[in-house]
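The next block is data_5.txt, given as compact mmCIF, C-alpha atoms.
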# COMPACT_ATOMS: atom_id res chain seq x y z
CA GLY K 816 -31.31 -16.24 -6.52
CA ASN K 817 -29.76 -14.08 -3.83
CA LEU K 818 -27.91 -12.00 -6.41
CA HIS K 819 -31.22 -11.25 -8.13
CA PHE K 820 -32.75 -10.45 -4.74
CA PHE K 821 -29.99 -7.94 -3.94
CA HIS K 822 -30.61 -6.25 -7.30
CA ASN K 823 -34.35 -6.04 -6.52
CA ASP K 824 -35.19 -8.46 -9.33
CA PHE K 825 -37.49 -10.47 -7.06
CA GLN K 826 -39.34 -12.45 -9.75
CA ALA K 827 -36.05 -13.76 -11.14
CA ALA K 828 -34.96 -14.58 -7.58
CA ILE K 829 -38.14 -16.57 -7.01
CA SER K 830 -37.48 -18.53 -10.20
CA GLN K 831 -34.01 -19.46 -8.95
CA TYR K 832 -35.29 -20.40 -5.48
CA ASP K 833 -37.80 -22.73 -7.13
CA LYS K 834 -34.95 -24.41 -9.05
CA ALA K 835 -32.94 -24.76 -5.84
CA SER K 836 -35.82 -26.41 -3.98
CA GLN K 837 -36.36 -28.81 -6.90
CA LEU K 838 -32.67 -29.78 -6.96
CA ASP K 839 -32.57 -30.22 -3.18
CA PRO K 840 -36.03 -30.74 -1.62
CA ASP K 841 -34.53 -30.57 1.88
CA MET K 842 -33.02 -27.11 1.42
CA THR K 843 -34.91 -25.08 3.99
CA ILE K 844 -33.36 -21.75 3.08
CA ALA K 845 -34.60 -22.00 -0.52
CA HIS K 846 -38.20 -21.90 0.72
CA PHE K 847 -37.42 -19.23 3.30
CA ASN K 848 -35.72 -16.92 0.78
CA HIS K 849 -38.61 -17.59 -1.61
CA SER K 850 -41.02 -16.35 1.04
CA LEU K 851 -39.01 -13.15 1.53
CA ALA K 852 -38.91 -12.46 -2.21
CA SER K 853 -42.66 -13.10 -2.49
CA GLY K 854 -43.33 -10.62 0.31
CA GLU K 855 -41.33 -7.95 -1.54
CA ILE K 856 -43.72 -8.13 -4.52
CA TYR K 857 -46.82 -8.43 -2.30
CA LYS K 858 -47.55 -12.09 -3.01
CA TYR K 859 -48.52 -12.76 0.57
CA GLU K 860 -50.32 -16.05 -0.03
CA GLU K 861 -47.26 -17.46 -1.75
CA GLN K 862 -45.09 -16.03 1.01
CA GLY K 863 -47.12 -17.84 3.68
CA ARG K 864 -47.11 -21.09 1.73
CA GLU K 865 -43.34 -21.05 1.28
CA LEU K 866 -42.77 -20.11 4.90
CA GLU K 867 -44.87 -23.06 6.08
CA GLU K 868 -42.97 -25.33 3.72
CA ALA K 869 -39.72 -24.10 5.22
CA LYS K 870 -40.99 -24.75 8.77
CA LYS K 871 -41.80 -28.34 7.82
CA LYS K 872 -38.15 -28.81 6.90
CA ASP K 873 -36.58 -27.18 9.97
CA ARG K 874 -38.81 -25.16 12.31
CA ALA K 875 -36.03 -24.19 14.73
CA LEU K 876 -33.90 -22.79 11.93
CA VAL K 877 -36.80 -20.85 10.41
CA ASP K 878 -37.70 -19.31 13.77
CA ARG K 879 -34.15 -17.94 14.02
CA LEU K 880 -34.22 -16.70 10.44
CA ILE K 881 -37.52 -14.89 10.86
CA ALA K 882 -35.95 -12.74 13.57
CA ALA K 883 -33.16 -11.71 11.18
CA LYS K 884 -35.54 -11.05 8.24
CA LYS K 885 -32.86 -11.26 5.55
CA VAL K 886 -31.99 -13.72 2.83
CA VAL K 887 -29.72 -16.57 3.83
CA MET K 888 -26.57 -17.43 1.93
CA TYR K 889 -25.90 -21.03 1.00
CA ASP K 890 -22.74 -22.57 2.44
CA LEU K 891 -21.35 -24.65 -0.39
CA PRO K 892 -19.75 -27.95 0.73
CA LEU K 893 -16.02 -28.03 0.04
CA GLY K 894 -16.31 -31.04 -2.27
CA ASP K 895 -18.93 -29.28 -4.40
CA ALA K 896 -16.80 -26.16 -4.51
CA TYR K 897 -13.87 -28.14 -5.95
CA LYS K 898 -16.13 -29.70 -8.57
CA ILE K 899 -17.47 -26.31 -9.63
CA THR K 900 -13.94 -24.88 -9.77
CA ASP K 901 -12.85 -27.72 -12.07
CA THR K 902 -15.88 -27.13 -14.27
CA VAL K 903 -15.13 -23.41 -14.55
CA ALA K 904 -11.47 -24.11 -15.32
CA LYS K 905 -12.17 -26.61 -18.11
CA ARG K 906 -15.11 -25.01 -19.92
CA GLN K 907 -14.43 -21.99 -22.10
CA THR K 908 -17.92 -20.56 -21.60
CA ALA K 909 -17.56 -20.74 -17.83
CA LYS K 910 -14.19 -18.97 -18.06
CA GLU K 911 -15.78 -16.11 -19.98
CA LEU K 912 -18.43 -15.71 -17.27
CA PHE K 913 -16.44 -16.26 -14.10
CA GLY K 914 -12.81 -15.62 -14.99
CA ASN K 915 -9.77 -17.86 -15.23
CA TYR K 916 -9.30 -20.64 -12.65
CA ALA K 917 -6.13 -22.70 -12.42
CA VAL K 918 -6.56 -26.44 -12.78
CA PHE K 919 -4.16 -29.37 -12.68
CA ASP K 920 -4.77 -32.30 -14.98
CA ALA K 921 -2.14 -35.03 -14.67
CA THR K 922 -2.79 -36.49 -18.14
CA SER K 923 -2.41 -33.23 -20.06
CA THR K 924 0.54 -32.18 -17.90
CA ILE K 925 2.50 -35.37 -18.58
CA VAL K 926 2.15 -35.06 -22.38
CA ASN K 927 2.96 -31.34 -22.31
CA THR K 928 6.11 -30.56 -24.32
CA VAL K 929 7.53 -28.46 -21.48
CA THR K 930 7.18 -31.37 -19.04
CA ILE K 931 8.67 -33.85 -21.50
CA GLY K 932 11.56 -31.51 -22.28
CA ALA K 933 12.28 -30.92 -18.58
CA LEU K 934 12.26 -34.64 -17.78
CA LEU K 935 14.49 -35.47 -20.75
CA SER K 936 16.90 -32.68 -19.78
CA LEU K 937 17.04 -33.96 -16.22
CA LEU K 938 17.65 -37.51 -17.40
CA GLY K 939 20.29 -36.35 -19.88
CA GLY K 940 22.05 -34.34 -17.18
CA ILE K 941 22.23 -37.36 -14.88
CA VAL K 942 23.56 -39.59 -17.68
CA LEU K 943 26.16 -36.99 -18.65
CA TRP K 944 27.23 -36.58 -15.02
CA LEU K 945 27.64 -40.34 -14.59
CA GLN K 946 29.73 -40.59 -17.76
CA ARG K 947 31.98 -37.66 -16.86
CA LYS K 948 32.34 -38.83 -13.27
CA LYS K 949 34.27 -41.90 -14.43
CA ASN K 950 37.11 -39.78 -15.85
CA GLY K 951 36.83 -36.90 -13.39
CA PHE K 952 35.81 -33.29 -13.91
CA ALA K 953 38.05 -30.51 -15.16
CA GLY K 954 38.93 -27.73 -12.73
CA THR K 955 38.62 -23.99 -13.41
CA CYS K 956 41.18 -21.50 -12.21
CA MET K 957 39.49 -18.88 -10.06
CA LYS K 958 42.10 -16.33 -11.08
CA CYS K 959 42.29 -16.52 -14.86
CA GLY K 960 39.43 -18.88 -15.72
CA ARG K 961 41.55 -21.48 -17.50
CA THR K 962 40.46 -25.08 -17.22
CA PHE K 963 42.91 -27.75 -16.11
CA CYS K 964 42.99 -31.47 -15.47
CA TYR K 965 43.20 -32.33 -11.80
CA ARG K 966 45.31 -35.40 -12.65
CA CYS K 967 48.02 -33.22 -14.15
CA LYS K 968 48.62 -31.42 -10.88
CA SER K 969 50.29 -32.46 -7.67
CA ALA K 970 47.95 -33.14 -4.76
CA ARG K 971 50.04 -30.67 -2.73
CA GLU K 972 49.22 -27.80 -5.07
CA SER K 973 46.20 -25.54 -4.86
CA SER K 974 43.05 -27.06 -6.35
CA VAL K 975 41.57 -23.69 -7.36
CA TYR K 976 44.51 -22.27 -9.34
CA CYS K 977 46.00 -23.42 -12.63
CA THR K 978 49.71 -24.26 -12.80
CA GLN K 979 50.63 -20.87 -14.30
CA CYS K 980 48.85 -18.91 -11.59
CA ILE K 981 50.38 -21.10 -8.88
CA HIS K 982 53.90 -20.26 -10.10
CA ILE K 983 53.16 -16.56 -10.65
CA TYR K 984 50.93 -15.67 -7.68
CA LEU K 985 51.67 -18.30 -5.05
CA LYS K 986 55.20 -19.61 -5.54
CA ARG K 987 56.38 -16.39 -7.22
CA ASP K 988 59.01 -18.26 -9.23
CA GLY K 989 61.36 -16.54 -11.56
CA VAL K 990 58.91 -16.04 -14.42
CA SER K 991 59.80 -13.63 -17.22
CA LEU K 992 58.31 -10.14 -17.18
CA ASP K 993 56.52 -10.67 -20.51
CA THR K 994 54.86 -13.83 -19.19
CA LYS K 995 53.73 -12.00 -16.05
CA ARG K 996 52.35 -9.09 -18.08
CA ALA K 997 50.46 -11.41 -20.45
CA LYS K 998 49.09 -13.33 -17.48
CA LEU K 999 48.01 -10.13 -15.74
CA GLU K 1000 46.10 -9.01 -18.84
CA GLU K 1001 44.46 -12.41 -19.08
CA VAL K 1002 43.41 -12.26 -15.41
CA GLN K 1003 42.05 -8.72 -15.78
CA ASP K 1004 40.06 -9.65 -18.89
CA TYR K 1005 38.62 -12.73 -17.22
CA GLN K 1006 37.75 -11.03 -13.94
CA GLY K 1007 36.28 -8.00 -15.73
CA SER K 1008 34.07 -10.09 -18.02
CA ARG K 1009 32.97 -12.20 -15.05
CA VAL K 1010 31.88 -9.15 -13.05
CA ARG K 1011 30.15 -7.61 -16.09
CA LEU K 1012 28.25 -10.83 -16.73
CA LYS K 1013 27.10 -11.01 -13.10
CA LYS K 1014 25.92 -7.39 -13.20
CA LEU K 1015 24.00 -8.00 -16.43
CA LEU K 1016 22.33 -11.14 -15.09
CA SER K 1017 21.50 -9.54 -11.74
CA THR K 1018 19.87 -6.57 -13.46
CA PHE K 1019 17.15 -8.76 -14.91
CA PHE K 1020 17.38 -11.82 -12.64
CA PRO K 1021 18.24 -10.77 -9.08
CA GLY K 1022 19.98 -13.61 -7.27
CA SER K 1023 21.69 -14.98 -10.38
CA GLY K 1024 24.91 -13.17 -9.41
CA GLN K 1025 24.95 -14.94 -6.05
CA ALA K 1026 24.29 -18.26 -7.78
CA TYR K 1027 27.14 -17.50 -10.20
CA ASP K 1028 29.44 -16.95 -7.22
CA GLY K 1029 28.52 -20.34 -5.77
CA ALA K 1030 25.79 -19.27 -3.30
CA THR K 1031 23.22 -21.34 -5.17
CA ALA K 1032 20.63 -21.54 -2.39
CA ARG K 1033 20.59 -17.76 -1.84
CA GLY K 1034 20.38 -17.11 -5.56
CA VAL K 1035 17.49 -19.51 -6.12
CA ILE K 1036 15.55 -18.11 -3.16
CA ALA K 1037 16.00 -14.57 -4.49
CA LEU K 1038 14.87 -15.55 -7.99
CA VAL K 1039 11.79 -17.36 -6.70
CA LEU K 1040 10.77 -14.48 -4.43
CA PHE K 1041 11.34 -11.83 -7.11
CA PHE K 1042 9.31 -13.58 -9.81
CA LEU K 1043 6.63 -14.59 -7.28
CA PHE K 1044 6.06 -10.94 -6.35
CA ILE K 1045 6.19 -9.85 -10.00
CA SER K 1046 3.64 -12.53 -10.93
CA VAL K 1047 1.29 -11.46 -8.13
CA ALA K 1048 1.57 -7.81 -9.19
CA ILE K 1049 0.80 -8.63 -12.84
CA LEU K 1050 -1.71 -11.46 -12.52
CA ILE K 1051 -3.83 -10.15 -9.62
CA GLY K 1052 -6.11 -8.50 -12.18
CA ARG K 1053 -6.83 -11.86 -13.83
CA LEU K 1054 -8.54 -13.33 -10.80
CA ALA K 1055 -12.23 -14.16 -11.01
CA PRO K 1056 -14.44 -11.06 -11.21
CA VAL K 1057 -15.57 -9.94 -7.77
CA ALA K 1058 -17.57 -7.12 -6.27
CA ASN K 1059 -16.53 -3.55 -7.05
CA PRO K 1060 -14.91 -2.79 -3.63
CA ALA K 1061 -12.35 -5.51 -4.37
CA THR K 1062 -10.81 -3.24 -7.03
CA THR K 1063 -9.17 -1.24 -4.26
CA MET K 1064 -7.85 -4.42 -2.65
CA LYS K 1065 -6.38 -5.55 -5.98
CA THR K 1066 -4.58 -2.23 -6.32
CA VAL K 1067 -3.20 -2.48 -2.78
CA ILE K 1068 -1.99 -6.06 -3.37
CA ARG K 1069 -0.41 -5.03 -6.66
CA ILE K 1070 1.45 -2.13 -5.03
CA ILE K 1071 2.65 -4.24 -2.08
CA ALA K 1072 3.87 -7.02 -4.42
CA ALA K 1073 5.70 -4.51 -6.62
CA VAL K 1074 7.38 -2.91 -3.58
CA LEU K 1075 8.46 -6.32 -2.25
CA ALA K 1076 9.86 -7.26 -5.67
CA PHE K 1077 11.82 -3.99 -5.74
CA ILE K 1078 13.18 -4.65 -2.23
CA VAL K 1079 14.35 -8.13 -3.30
CA TRP K 1080 15.94 -6.59 -6.39
CA LEU K 1081 17.79 -4.01 -4.31
CA GLY K 1082 18.90 -6.51 -1.67
CA PHE K 1083 20.46 -8.94 -4.14
CA THR K 1084 21.50 -6.70 -7.07
CA ILE K 1085 23.21 -3.76 -5.37
CA PRO K 1086 25.88 -5.99 -3.73
CA ILE K 1087 26.70 -7.35 -7.20
CA TYR K 1088 26.92 -3.81 -8.62
CA ARG K 1089 29.47 -2.98 -5.92
CA GLN K 1090 31.78 -5.80 -6.89
CA ARG K 1091 35.04 -4.93 -8.64
CA PRO K 1092 37.31 -7.18 -10.70
CA LEU K 1093 39.97 -8.93 -8.65
CA ALA K 1094 43.51 -7.89 -9.43

Target encoding structure tokens, full file:
Amino acid sequence: GNLHFFHNDFQAAISQYDKASQLDPDMTIAHFNHSLASGEIYKYEEQGRELEEAKKKDRALVDRLIAAKKVVMYDLPLGDAYKITDTVAKRQTAKELFGNYAVFDATSTIVNTVTIGALLSLLGGIVLWLQRKKNGFAGTCMKCGRTFCYRCKSARESSVYCTQCIHIYLKRDGVSLDTKRAKLEEVQDYQGSRVRLKKLLSTFFPGSGQAYDGATARGVIALVLFFLFISVAILIGRLAPVANPATTMKTVIRIIAAVLAFIVWLGFTIPIYRQRPLA
């Protein structure tokens, strides 16, 4: 009713105020707004009748409203607001009128293929970890990338190098020149491919390079922040339609989110770009 009133469609506003008073007979402001709309189209008898009806409901409130002489907005109870939001989210017609509202439905979420796949993957990962834990996990040489069995090495030897790298780089035993050259090429290939992979991942997923290096928490935080800002920048236009001035606010939010996403990208990707293969 108030929207019609603001667009000077007073007869339509009166019709809506009548519906409001029928749905809630104790709604004082419905009668008061009705009286204001009636006065705008010179229906003074109806205006007086509605004003008296409003005073019967709450005289003190009406006396304060008369001084303001403007339509009163209805403060929707929070519980009703949630119900309306759910209705808009679930009905296609309501979505077309009011925009897209997010809704969480436990039943549909549980049977969703993405949820089922994620839960099965998590369960499978735990089962696989328990099975592998019995026999122990293979180690990976941080120099050349070769895997090795921890049981095949002495406890006094380095746990991050394979046996070959221990003898060549740590113990510096009398290894033949050809073996050293082959090992050096293997190390260079491994380190180069590792750095290239981190640069590629960080270009599109900032933070993945840090996670690849073992800083999992930093990497996950960077990924979440980056995609959060990107999502805000892209999806801000899909919020429920609002008044025209909000278009400027949407643009501002979109620009700020894009700038923040770019800052996150710079902060976590440039350090990866500066990395060089270890000799």

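Shortest atom-to-atom contact with Gly854 in chain K among K:Arg874, K:Lys885, K:Arg1009, K:Lys998: K:Lys885, counting only C-alpha atoms.
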
Just give me the gap between CA of Gln837 in chain K and CA of Ala852 in chain K in Å, one decimal is fine. 17.2 Å

I'd like the contact shell of range 1078-1082 of chain K - 7 Å cut-off, only C-alpha atoms, skipping same-chain residues fewer than 6 positions apart - returned as JSON, numbers by chain. {"K": [1021, 1037, 1041]}

Using only C-alpha atoms, can you list as a list of chain:residue names the residues within 7 Å of (-33.4, -18.4, 0.6)? K:Tyr832, K:Ile844, K:Ala845, K:His846, K:Phe847, K:Asn848, K:His849, K:Val886, K:Val887

Neighbour list for range 1086-1089 of chain K as a ChimeraX atom specification, cut-off 12 Å, all atoms listed in the file, skip fewer than 5 positions in-chain: /K:1009-1018,1020-1028,1034,1079-1081

In Å, with one decimal, what is the gap from CA of Asp833 in chain K to CA of Asn817 in chain K? 12.3 Å

Set the distance at 6 Å and use only C-alpha atoms: which residues neighbour Cys956 in chain K once local chain neighbours fewer than 2 positions away are removed? I'd like the list as JSON, numbers by chain. {"K": [958, 959, 960, 961, 975, 976, 977]}

Using 10 Å as the limit and counting only C-alpha atoms, can you tabulate each residue of range 937-1055 of chain K that touches range 919-933 of chain K, with its shortest atom-to-atom distance in Å and the two atoms involved, as a Markdown table?
| residue | atom | partner | partner_atom | distance |
| --- | --- | --- | --- | --- |
| K:Leu937 | CA | K:Ala933 | CA | 6.1 |
| K:Leu938 | CA | K:Ala933 | CA | 8.6 |
| K:Gly939 | CA | K:Ala933 | CA | 9.8 |

Find the residues around Ser830 in chain K up to 10 Å (all atoms listed in the file counted), leave out those fewer than 3 positions away in its own chain, and share them as a short mmCIF file (atom, residue, chain, number, x, y, z; two decimals) with C-alpha atoms, in the frame of the given file.
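Output (selection.cif):
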data_model
loop_
_atom_site.label_atom_id
_atom_site.label_comp_id
_atom_site.auth_asym_id
_atom_site.auth_seq_id
_atom_site.Cartn_x
_atom_site.Cartn_y
_atom_site.Cartn_z
CA GLY K 816 -31.31 -16.24 -6.52
CA HIS K 819 -31.22 -11.25 -8.13
CA PHE K 825 -37.49 -10.47 -7.06
CA GLN K 826 -39.34 -12.45 -9.75
CA ALA K 827 -36.05 -13.76 -11.14
CA ASP K 833 -37.80 -22.73 -7.13
CA LYS K 834 -34.95 -24.41 -9.05
CA ALA K 835 -32.94 -24.76 -5.84
CA HIS K 849 -38.61 -17.59 -1.61
#

For range 935-947 of chain K of the block above, can you save all heavy atoms as a compact mmCIF listing (two decimals), in the first residue's frame?
# COMPACT_ATOMS: atom_id res chain seq x y z
N LEU K 935 31.32 -39.35 0.85
CA LEU K 935 31.95 -40.61 0.48
C LEU K 935 33.46 -40.43 0.30
O LEU K 935 34.25 -41.31 0.69
CB LEU K 935 31.33 -41.15 -0.81
CG LEU K 935 29.89 -41.67 -0.70
CD1 LEU K 935 29.37 -42.10 -2.07
CD2 LEU K 935 29.81 -42.83 0.29
N SER K 936 33.87 -39.30 -0.27
CA SER K 936 35.30 -39.04 -0.44
C SER K 936 35.98 -38.90 0.92
O SER K 936 37.09 -39.42 1.12
CB SER K 936 35.51 -37.76 -1.25
OG SER K 936 34.94 -37.89 -2.54
N LEU K 937 35.33 -38.20 1.83
CA LEU K 937 35.89 -38.05 3.17
C LEU K 937 36.01 -39.39 3.87
O LEU K 937 37.06 -39.71 4.47
CB LEU K 937 35.01 -37.10 4.00
CG LEU K 937 35.45 -36.87 5.45
CD1 LEU K 937 36.83 -36.24 5.49
CD2 LEU K 937 34.43 -35.99 6.17
N LEU K 938 34.96 -40.20 3.77
CA LEU K 938 34.99 -41.53 4.38
C LEU K 938 36.07 -42.40 3.74
O LEU K 938 36.82 -43.11 4.43
CB LEU K 938 33.62 -42.19 4.24
CG LEU K 938 33.46 -43.59 4.84
CD1 LEU K 938 33.72 -43.55 6.34
CD2 LEU K 938 32.07 -44.14 4.55
N GLY K 939 36.16 -42.35 2.41
CA GLY K 939 37.16 -43.14 1.71
C GLY K 939 38.58 -42.71 2.09
O GLY K 939 39.47 -43.55 2.23
N GLY K 940 38.79 -41.40 2.25
CA GLY K 940 40.10 -40.91 2.65
C GLY K 940 40.50 -41.40 4.02
O GLY K 940 41.66 -41.79 4.25
N ILE K 941 39.55 -41.41 4.95
CA ILE K 941 39.84 -41.89 6.31
C ILE K 941 40.17 -43.38 6.29
O ILE K 941 41.12 -43.83 6.94
CB ILE K 941 38.64 -41.61 7.23
CG1 ILE K 941 38.45 -40.10 7.40
CG2 ILE K 941 38.84 -42.27 8.59
CD1 ILE K 941 37.21 -39.72 8.17
N VAL K 942 39.38 -44.16 5.53
CA VAL K 942 39.63 -45.61 5.44
C VAL K 942 41.00 -45.87 4.82
O VAL K 942 41.77 -46.72 5.31
CB VAL K 942 38.52 -46.29 4.62
CG1 VAL K 942 38.88 -47.76 4.35
CG2 VAL K 942 37.19 -46.20 5.35
N LEU K 943 41.32 -45.15 3.75
CA LEU K 943 42.62 -45.33 3.09
C LEU K 943 43.76 -44.97 4.04
O LEU K 943 44.78 -45.66 4.10
CB LEU K 943 42.68 -44.47 1.83
CG LEU K 943 43.97 -44.56 1.01
CD1 LEU K 943 44.17 -45.98 0.50
CD2 LEU K 943 43.94 -43.57 -0.15
N TRP K 944 43.59 -43.89 4.79
CA TRP K 944 44.62 -43.46 5.74
C TRP K 944 44.84 -44.51 6.84
O TRP K 944 45.97 -44.80 7.20
CB TRP K 944 44.22 -42.13 6.35
CG TRP K 944 45.21 -41.61 7.36
CD1 TRP K 944 46.40 -41.01 7.11
CD2 TRP K 944 45.07 -41.68 8.79
NE1 TRP K 944 47.03 -40.68 8.29
CE2 TRP K 944 46.23 -41.08 9.33
CE3 TRP K 944 44.10 -42.16 9.65
CZ2 TRP K 944 46.43 -40.97 10.70
CZ3 TRP K 944 44.29 -42.05 11.01
CH2 TRP K 944 45.45 -41.46 11.54
N LEU K 945 43.74 -45.09 7.32
CA LEU K 945 43.87 -46.11 8.36
C LEU K 945 44.57 -47.35 7.83
O LEU K 945 45.38 -47.98 8.53
CB LEU K 945 42.48 -46.47 8.90
CG LEU K 945 41.77 -45.38 9.72
CD1 LEU K 945 40.35 -45.81 10.06
CD2 LEU K 945 42.56 -45.06 10.99
N GLN K 946 44.27 -47.73 6.58
CA GLN K 946 44.91 -48.91 6.00
C GLN K 946 46.40 -48.66 5.77
O GLN K 946 47.24 -49.52 6.09
CB GLN K 946 44.24 -49.27 4.67
CG GLN K 946 42.87 -49.90 4.85
CD GLN K 946 42.26 -50.31 3.52
OE1 GLN K 946 42.68 -49.83 2.46
NE2 GLN K 946 41.26 -51.18 3.57
N ARG K 947 46.74 -47.51 5.22
CA ARG K 947 48.14 -47.21 4.94
C ARG K 947 48.95 -46.99 6.22
O ARG K 947 50.15 -47.23 6.25
CB ARG K 947 48.23 -45.97 4.05
CG ARG K 947 47.66 -46.17 2.66
CD ARG K 947 48.52 -47.11 1.85
NE ARG K 947 48.00 -47.34 0.52
CZ ARG K 947 48.29 -46.56 -0.54
NH1 ARG K 947 49.09 -45.52 -0.39
NH2 ARG K 947 47.78 -46.84 -1.72
